[in-house]
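Source file: protein-v3.csv. Holds: CSV, C-alpha atoms.
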chain,number,residue,atom,x,y,z
T,294,MET,CA,-54.3,8.7,11.7
T,295,SER,CA,-51.7,11.4,10.7
T,296,SER,CA,-50.5,14.1,13.1
T,297,ASP,CA,-52.0,16.8,10.9
T,298,TRP,CA,-55.5,15.5,10.8
T,299,TRP,CA,-57.1,18.9,11.4
T,300,VAL,CA,-55.3,20.4,8.4
T,301,ASN,CA,-56.6,17.7,6.1
T,302,SER,CA,-60.1,17.7,7.5
T,303,GLU,CA,-62.9,19.0,5.4
T,304,LEU,CA,-64.1,21.4,8.1
T,305,PHE,CA,-60.8,23.2,8.4
T,306,THR,CA,-60.2,23.2,4.7
T,307,ALA,CA,-63.6,24.8,4.1
T,308,GLY,CA,-63.1,27.3,6.9
T,309,GLY,CA,-59.7,28.4,5.8
T,310,TRP,CA,-57.2,30.4,7.8
T,311,VAL,CA,-59.9,32.3,9.7
T,312,LEU,CA,-61.2,29.0,11.2
T,313,VAL,CA,-57.7,28.2,12.4
T,314,ALA,CA,-57.5,31.6,14.0
T,315,ILE,CA,-60.9,31.0,15.7
T,316,LEU,CA,-59.6,27.6,16.9
T,317,LEU,CA,-56.4,29.1,18.4
T,318,LEU,CA,-58.2,32.0,20.0
T,319,SER,CA,-60.9,29.8,21.5
T,320,THR,CA,-58.3,27.4,22.8
T,321,LEU,CA,-56.6,30.3,24.6
T,322,MET,CA,-59.9,31.4,26.0
T,323,TRP,CA,-60.6,27.9,27.4
T,324,VAL,CA,-57.2,27.6,28.9
T,325,LEU,CA,-57.8,31.0,30.7
T,326,ILE,CA,-61.3,30.0,31.8
T,327,LEU,CA,-60.0,26.7,33.3
T,328,GLU,CA,-57.1,28.5,35.0
T,329,ARG,CA,-59.5,30.9,36.7
T,330,TYR,CA,-61.8,28.1,38.0
T,331,TRP,CA,-58.7,26.2,39.2
T,332,PHE,CA,-57.5,29.4,40.9
T,333,LEU,CA,-60.8,30.0,42.6
T,334,ARG,CA,-61.0,26.4,43.8
T,335,ARG,CA,-57.3,25.8,44.9
T,336,GLN,CA,-55.5,29.1,45.4
T,337,ARG,CA,-58.3,31.3,46.7
T,338,PRO,CA,-58.4,29.7,50.2
T,339,LEU,CA,-54.7,30.3,50.6
T,340,LEU,CA,-55.0,33.9,49.4
T,341,ILE,CA,-57.8,34.5,52.0
T,342,GLN,CA,-55.7,33.1,54.8
T,343,ASP,CA,-52.8,35.4,53.8
T,344,ILE,CA,-55.0,38.5,53.6
T,345,LEU,CA,-56.7,37.7,56.9
T,346,ARG,CA,-53.3,37.3,58.5
T,347,ARG,CA,-52.1,40.6,57.1
T,348,TRP,CA,-55.3,42.3,58.2
T,349,ARG,CA,-54.8,41.1,61.8
T,350,ASP,CA,-51.2,42.3,61.7
T,351,MET,CA,-51.9,45.7,60.1
T,352,ARG,CA,-55.1,47.0,61.5
T,353,GLY,CA,-54.9,49.5,64.3
T,354,ASN,CA,-56.9,51.8,66.5
T,355,ASP,CA,-57.0,54.6,63.9
T,356,SER,CA,-60.3,53.9,62.0
T,357,ASP,CA,-59.3,55.9,58.9
T,358,ALA,CA,-56.1,54.0,58.5
T,359,SER,CA,-57.8,50.7,59.1
T,360,LEU,CA,-60.5,51.6,56.6
T,361,ARG,CA,-57.8,52.3,53.9
T,362,ILE,CA,-56.0,49.1,54.8
T,363,ARG,CA,-59.3,47.1,54.5
T,364,GLN,CA,-60.0,48.7,51.2
T,365,GLY,CA,-56.5,48.0,49.9
T,366,LEU,CA,-56.6,44.4,50.9
T,367,THR,CA,-60.1,44.0,49.4
T,368,ASN,CA,-58.9,45.6,46.1
T,369,GLU,CA,-55.8,43.4,46.1
T,370,TYR,CA,-58.0,40.3,46.6
T,371,HIS,CA,-60.4,41.4,43.8
T,372,GLY,CA,-57.5,42.0,41.4
T,373,SER,CA,-56.0,38.6,42.1
T,374,LEU,CA,-59.4,36.9,41.5
T,375,ALA,CA,-60.2,38.9,38.4
T,376,SER,CA,-56.9,38.6,36.6
T,377,TRP,CA,-57.5,37.2,33.0
T,378,VAL,CA,-61.2,37.8,33.2
T,379,THR,CA,-60.9,40.9,31.1
T,380,THR,CA,-58.8,39.0,28.6
T,381,ILE,CA,-61.5,36.3,28.5
T,382,GLN,CA,-64.1,39.0,27.8
T,383,VAL,CA,-62.0,40.5,25.1
T,384,ILE,CA,-61.5,37.2,23.4
T,385,THR,CA,-65.2,36.5,23.7
T,386,ALA,CA,-65.9,39.8,21.9
T,387,VAL,CA,-63.3,39.2,19.2
T,388,LEU,CA,-64.5,35.6,18.3
T,389,PRO,CA,-67.7,36.7,16.5
T,390,LEU,CA,-65.8,39.4,14.7
T,391,LEU,CA,-63.4,36.7,13.4
T,392,GLY,CA,-66.5,34.8,12.3
T,393,LEU,CA,-67.7,37.8,10.5
T,394,LEU,CA,-64.3,38.2,8.8
T,395,GLY,CA,-64.6,34.6,7.7
T,396,THR,CA,-68.0,35.4,6.2
T,397,VAL,CA,-66.6,38.3,4.3
T,398,VAL,CA,-63.6,36.3,3.0
T,399,GLY,CA,-66.0,33.5,2.0
T,400,MET,CA,-68.3,35.8,0.1
T,401,ILE,CA,-65.3,37.5,-1.6
T,402,LYS,CA,-64.2,34.0,-2.7
T,403,THR,CA,-67.8,33.3,-4.0
T,404,PHE,CA,-67.9,36.6,-6.0
T,405,GLU,CA,-64.4,35.9,-7.5
T,406,VAL,CA,-65.7,32.5,-8.7
T,407,MET,CA,-68.8,34.2,-10.1
T,408,THR,CA,-66.7,36.8,-11.8
T,409,VAL,CA,-64.4,34.3,-13.5
T,410,PHE,CA,-66.8,31.5,-14.3
T,411,GLY,CA,-70.2,33.1,-14.0
T,412,THR,CA,-72.9,31.0,-12.3
T,413,GLY,CA,-71.7,27.9,-14.1
T,414,ASN,CA,-69.2,26.8,-11.3
T,415,VAL,CA,-71.5,25.8,-8.5
T,416,ARG,CA,-68.8,23.9,-6.7
T,417,GLY,CA,-66.6,27.0,-6.5
T,418,MET,CA,-69.4,29.1,-5.3
T,419,ALA,CA,-70.4,26.5,-2.7
T,420,GLU,CA,-66.8,26.5,-1.3
T,421,GLY,CA,-67.0,30.3,-0.6
T,422,ILE,CA,-70.5,30.1,0.9
T,423,SER,CA,-69.3,27.1,3.0
T,424,GLN,CA,-66.4,29.1,4.3
T,425,ALA,CA,-68.7,32.0,5.1
T,426,LEU,CA,-71.2,29.8,7.1
T,427,ILE,CA,-68.6,27.6,8.9
T,428,THR,CA,-66.6,30.6,10.2
T,429,THR,CA,-69.7,32.5,11.3
T,430,MET,CA,-71.0,29.4,13.2
T,431,ALA,CA,-67.6,28.8,14.8
T,432,GLY,CA,-67.2,32.4,15.9
T,433,LEU,CA,-70.7,32.6,17.4
T,434,ILE,CA,-70.7,29.2,19.2
T,435,THR,CA,-67.3,29.8,20.8
T,436,ALA,CA,-68.3,33.3,21.8
T,437,LEU,CA,-71.6,32.1,23.4
T,438,ALA,CA,-69.7,29.7,25.6
T,439,GLY,CA,-67.1,32.4,26.5
T,440,MET,CA,-69.9,34.8,27.4
T,441,TYR,CA,-71.5,32.3,29.8
T,442,PHE,CA,-68.3,31.4,31.6
T,443,ALA,CA,-67.0,35.0,31.7
T,444,GLY,CA,-70.3,36.1,33.3
T,445,ASP,CA,-70.2,33.2,35.8
T,446,LEU,CA,-66.6,34.0,36.8
T,447,GLN,CA,-67.5,37.7,37.2
T,448,THR,CA,-70.4,36.8,39.4
T,449,ARG,CA,-68.3,34.5,41.6
T,450,ILE,CA,-65.5,37.1,41.9
T,451,VAL,CA,-67.9,39.9,43.0
T,452,SER,CA,-69.5,37.5,45.5
T,453,GLU,CA,-66.2,36.3,46.9
T,454,THR,CA,-64.9,39.9,47.2
T,455,GLU,CA,-68.0,41.0,49.1
T,456,HIS,CA,-67.6,38.0,51.4
T,457,LEU,CA,-64.0,38.8,52.2
T,458,HIS,CA,-64.8,42.5,52.7
T,459,GLN,CA,-67.3,41.4,55.4
T,460,GLN,CA,-64.7,39.2,57.0
T,461,LEU,CA,-62.4,42.1,57.5
T,462,THR,CA,-64.2,43.5,60.5
T,463,PHE,CA,-63.3,46.2,62.9
T,464,GLU,CA,-64.1,44.2,66.0
T,465,PRO,CA,-61.9,45.0,69.0
T,466,ASP,CA,-59.4,42.5,70.3
T,467,PHE,CA,-60.7,40.4,73.2
T,468,GLU,CA,-57.8,41.3,75.5
T,469,ALA,CA,-58.9,44.9,75.5
T,470,ASP,CA,-62.5,44.2,76.5
T,471,GLU,CA,-62.7,40.8,78.2
T,472,GLY,CA,-66.4,41.0,79.1
T,473,ALA,CA,-67.6,41.7,75.6
T,474,LEU,CA,-68.7,39.0,73.2
T,475,PRO,CA,-67.5,39.2,69.6
T,476,PRO,CA,-70.2,40.2,67.0
T,477,PRO,CA,-71.5,37.3,64.9
T,478,ARG,CA,-69.5,36.8,61.7
T,479,ALA,CA,-71.0,35.9,58.3
T,480,THR,CA,-70.2,32.3,57.4
T,481,ARG,CA,-70.7,30.2,54.4
Would you kindly transcribe this structure into structure tokens?
Amino acid sequence: MSSDWWVNSELFTAGGWVLVAILLLSTLMWVLILERYWFLRRQRPLLIQDILRRWRDMRGNDSDASLRIRQGLTNEYHGSLASWVTTIQVITAVLPLLGLLGTVVGMIKTFEVMTVFGTGNVRGMAEGISQALITTMAGLITALAGMYFAGDLQTRIVSETEHLHQQLTFEPDFEADEGALPPPRATR
């Protein structure tokens, strides 16, 4: 098997340069999706520990200042979790448009063949139609997968941000009020 198998394959030949662009963009999309799931699984717990430590160190008796610190830490956490999600959503929106571009390019190729040879060159017309259909299919299928995972990531990020926001409580320190029991915390 040669190293340039995908260049010589019938699918990529039929899809043309637009299919190669869809492949490259969808590969980037999948790398970013996998990176976000890895981040949520491996890095998020460390990030939570860091933010909770900073919250304990920074919060004070001034409720307005504590509220702003709490909101700032929550926004920082959300931003860390949501990085690349917008890029994934943009790629997901661009993929069907690339498929549509491939459709237009394929139909132009078909009409050029019809202009030169009339309807007598069925093979030439089939190549253009094939390019149109393959690129449309590739753009739609990759976009559907991207939509699902972008939505799932967005849901997880909102849920995790709300959970952290609840963990950043304004409960008093136990040394100040030794007789009081701490309020129950939300746990997962």
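We find atom CA of T:Phe442 and atom CA of T:Ala425 to be spaced 26.5 Å apart.
Proximity to T:Ile315 was assessed for T:Ile344, T:Leu433, T:Val383, T:Glu455 counting only C-alpha atoms; the smallest distance is recorded for T:Leu433.
Atom pair atom CA of T:Met322 / atom CA of T:Asp343 has a distance of 29.0 Å (rounded to one decimal).
Atom to atom, atom CA of T:Gly308 and atom CA of T:Leu391 stand 11.4 Å apart.
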Produce a table with one row for each residue of stretch 420-465 of chain T that has an atom at most 9 Å from any atom of stretch 309-314 of chain T, each row naming the nearest atom pair and its distance in Å at one decimal; use only C-alpha atoms; arrange rows by chain and rising residue number; format as a tab-separated table.
residue	atom	partner	partner_atom	distance
T:Gln424	CA	T:Gly309	CA	6.9
T:Ile427	CA	T:Leu312	CA	7.9
T:Thr428	CA	T:Leu312	CA	5.7
T:Ala431	CA	T:Leu312	CA	7.3
T:Gly432	CA	T:Leu312	CA	8.3
Show me, as a PDB file with C-alpha atoms, in the frame of the given file, the residues that have an atom within 12 Å of T:Ala419 when counting only C-alpha atoms, minus same-chain residues fewer than 3 positions from it.
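The resulting file, out36.pdb, is shown below:
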ATOM      1  CA  ALA T 307     -63.600  24.800   4.100  1.00  0.00           C
ATOM      2  CA  GLY T 399     -66.000  33.500   2.000  1.00  0.00           C
ATOM      3  CA  MET T 400     -68.300  35.800   0.100  1.00  0.00           C
ATOM      4  CA  LYS T 402     -64.200  34.000  -2.700  1.00  0.00           C
ATOM      5  CA  THR T 403     -67.800  33.300  -4.000  1.00  0.00           C
ATOM      6  CA  PHE T 404     -67.900  36.600  -6.000  1.00  0.00           C
ATOM      7  CA  VAL T 406     -65.700  32.500  -8.700  1.00  0.00           C
ATOM      8  CA  MET T 407     -68.800  34.200 -10.100  1.00  0.00           C
ATOM      9  CA  THR T 412     -72.900  31.000 -12.300  1.00  0.00           C
ATOM     10  CA  GLY T 413     -71.700  27.900 -14.100  1.00  0.00           C
ATOM     11  CA  ASN T 414     -69.200  26.800 -11.300  1.00  0.00           C
ATOM     12  CA  VAL T 415     -71.500  25.800  -8.500  1.00  0.00           C
ATOM     13  CA  ARG T 416     -68.800  23.900  -6.700  1.00  0.00           C
ATOM     14  CA  ILE T 422     -70.500  30.100   0.900  1.00  0.00           C
ATOM     15  CA  SER T 423     -69.300  27.100   3.000  1.00  0.00           C
ATOM     16  CA  GLN T 424     -66.400  29.100   4.300  1.00  0.00           C
ATOM     17  CA  ALA T 425     -68.700  32.000   5.100  1.00  0.00           C
ATOM     18  CA  LEU T 426     -71.200  29.800   7.100  1.00  0.00           C
ATOM     19  CA  ILE T 427     -68.600  27.600   8.900  1.00  0.00           C
TER      20      ILE T 427
END
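When only C-alpha atoms are used to compute distances to T:Ile434, the closest of the residues T:Leu457, T:Leu388, T:Leu345, T:Met418 turns out to be T:Leu388.
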Pick from T:Gly395, T:Asp357, T:Thr408, T:Ser319, whichever lies nearest to T:Ala438 using only C-alpha atoms: T:Ser319
Nearest-residue call for T:Ser452, choices T:Val387, T:Ala375, T:Ile381, T:Val409, using all atoms listed in the file: T:Ala375
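The nearest approach to T:Thr379 among the residues T:Ile326, T:Leu360, T:Leu437, T:Leu393, with all atoms listed in the file taken into account, belongs to T:Ile326.
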Nearby residues, (-54.4, 38.5, 31.5) file frame, 12 Å, all atoms listed in the file, as a list in words: Leu321, Met322, Val324, Leu325, Ile326, Glu328, Arg329, Gly372, Ser373, Leu374, Ala375, Ser376, Trp377, Val378, Thr379, Thr380, Ile381, Gln382, Val383 and Ile384 of chain T
Give me the residues near T:Gly365 as a PDB file with C-alpha atoms, in the coordinates of the input, where near means some atom within 12 Å (using all atoms listed in the file) and where sequence neighbours in that chain fewer than 3 positions away do not count.
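And here's out_33.pdb as it stands now:
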ATOM      1  CA  ILE T 344     -55.000  38.500  53.600  1.00  0.00           C
ATOM      2  CA  ARG T 347     -52.100  40.600  57.100  1.00  0.00           C
ATOM      3  CA  TRP T 348     -55.300  42.300  58.200  1.00  0.00           C
ATOM      4  CA  MET T 351     -51.900  45.700  60.100  1.00  0.00           C
ATOM      5  CA  ARG T 352     -55.100  47.000  61.500  1.00  0.00           C
ATOM      6  CA  ALA T 358     -56.100  54.000  58.500  1.00  0.00           C
ATOM      7  CA  SER T 359     -57.800  50.700  59.100  1.00  0.00           C
ATOM      8  CA  LEU T 360     -60.500  51.600  56.600  1.00  0.00           C
ATOM      9  CA  ARG T 361     -57.800  52.300  53.900  1.00  0.00           C
ATOM     10  CA  ILE T 362     -56.000  49.100  54.800  1.00  0.00           C
ATOM     11  CA  ASN T 368     -58.900  45.600  46.100  1.00  0.00           C
ATOM     12  CA  GLU T 369     -55.800  43.400  46.100  1.00  0.00           C
ATOM     13  CA  TYR T 370     -58.000  40.300  46.600  1.00  0.00           C
ATOM     14  CA  HIS T 371     -60.400  41.400  43.800  1.00  0.00           C
ATOM     15  CA  GLY T 372     -57.500  42.000  41.400  1.00  0.00           C
ATOM     16  CA  THR T 454     -64.900  39.900  47.200  1.00  0.00           C
ATOM     17  CA  HIS T 458     -64.800  42.500  52.700  1.00  0.00           C
ATOM     18  CA  LEU T 461     -62.400  42.100  57.500  1.00  0.00           C
TER      19      LEU T 461
END
Atoms are missing here; could stretch 421-437 of chain T be completed with N, CA and C atoms and written as an mmCIF file, in the coordinates of the input?
data_model
loop_
_atom_site.group_PDB
_atom_site.id
_atom_site.type_symbol
_atom_site.label_atom_id
_atom_site.label_comp_id
_atom_site.auth_asym_id
_atom_site.auth_seq_id
_atom_site.Cartn_x
_atom_site.Cartn_y
_atom_site.Cartn_z
ATOM 1 N N GLY T 421 -67.008 28.956 -1.272
ATOM 2 C CA GLY T 421 -67.000 30.300 -0.600
ATOM 3 C C GLY T 421 -68.125 30.442 0.363
ATOM 4 N N ILE T 422 -69.312 29.965 -0.018
ATOM 5 C CA ILE T 422 -70.500 30.100 0.900
ATOM 6 C C ILE T 422 -70.225 29.171 2.115
ATOM 7 N N SER T 423 -69.633 28.005 1.899
ATOM 8 C CA SER T 423 -69.300 27.100 3.000
ATOM 9 C C SER T 423 -68.362 27.757 3.981
ATOM 10 N N GLN T 424 -67.327 28.401 3.459
ATOM 11 C CA GLN T 424 -66.400 29.100 4.300
ATOM 12 C C GLN T 424 -67.087 30.179 5.122
ATOM 13 N N ALA T 425 -67.961 30.911 4.471
ATOM 14 C CA ALA T 425 -68.700 32.000 5.100
ATOM 15 C C ALA T 425 -69.533 31.446 6.292
ATOM 16 N N LEU T 426 -70.250 30.363 6.054
ATOM 17 C CA LEU T 426 -71.200 29.800 7.100
ATOM 18 C C LEU T 426 -70.408 29.139 8.215
ATOM 19 N N ILE T 427 -69.374 28.386 7.877
ATOM 20 C CA ILE T 427 -68.600 27.600 8.900
ATOM 21 C C ILE T 427 -67.927 28.613 9.868
ATOM 22 N N THR T 428 -67.295 29.634 9.337
ATOM 23 C CA THR T 428 -66.600 30.600 10.200
ATOM 24 C C THR T 428 -67.550 31.384 11.074
ATOM 25 N N THR T 429 -68.695 31.755 10.488
ATOM 26 C CA THR T 429 -69.700 32.500 11.300
ATOM 27 C C THR T 429 -70.188 31.613 12.429
ATOM 28 N N MET T 430 -70.515 30.365 12.136
ATOM 29 C CA MET T 430 -71.000 29.400 13.200
ATOM 30 C C MET T 430 -69.939 29.237 14.250
ATOM 31 N N ALA T 431 -68.693 29.000 13.852
ATOM 32 C CA ALA T 431 -67.600 28.800 14.800
ATOM 33 C C ALA T 431 -67.403 29.965 15.723
ATOM 34 N N GLY T 432 -67.393 31.154 15.142
ATOM 35 C CA GLY T 432 -67.200 32.400 15.900
ATOM 36 C C GLY T 432 -68.318 32.585 16.940
ATOM 37 N N LEU T 433 -69.561 32.354 16.503
ATOM 38 C CA LEU T 433 -70.700 32.600 17.400
ATOM 39 C C LEU T 433 -70.788 31.533 18.504
ATOM 40 N N ILE T 434 -70.563 30.275 18.170
ATOM 41 C CA ILE T 434 -70.700 29.200 19.200
ATOM 42 C C ILE T 434 -69.594 29.384 20.254
ATOM 43 N N THR T 435 -68.362 29.641 19.835
ATOM 44 C CA THR T 435 -67.300 29.800 20.800
ATOM 45 C C THR T 435 -67.522 31.062 21.671
ATOM 46 N N ALA T 436 -68.051 32.111 21.067
ATOM 47 C CA ALA T 436 -68.300 33.300 21.800
ATOM 48 C C ALA T 436 -69.430 33.141 22.833
ATOM 49 N N LEU T 437 -70.453 32.380 22.473
ATOM 50 C CA LEU T 437 -71.600 32.100 23.400
ATOM 51 C C LEU T 437 -71.047 31.394 24.655
#
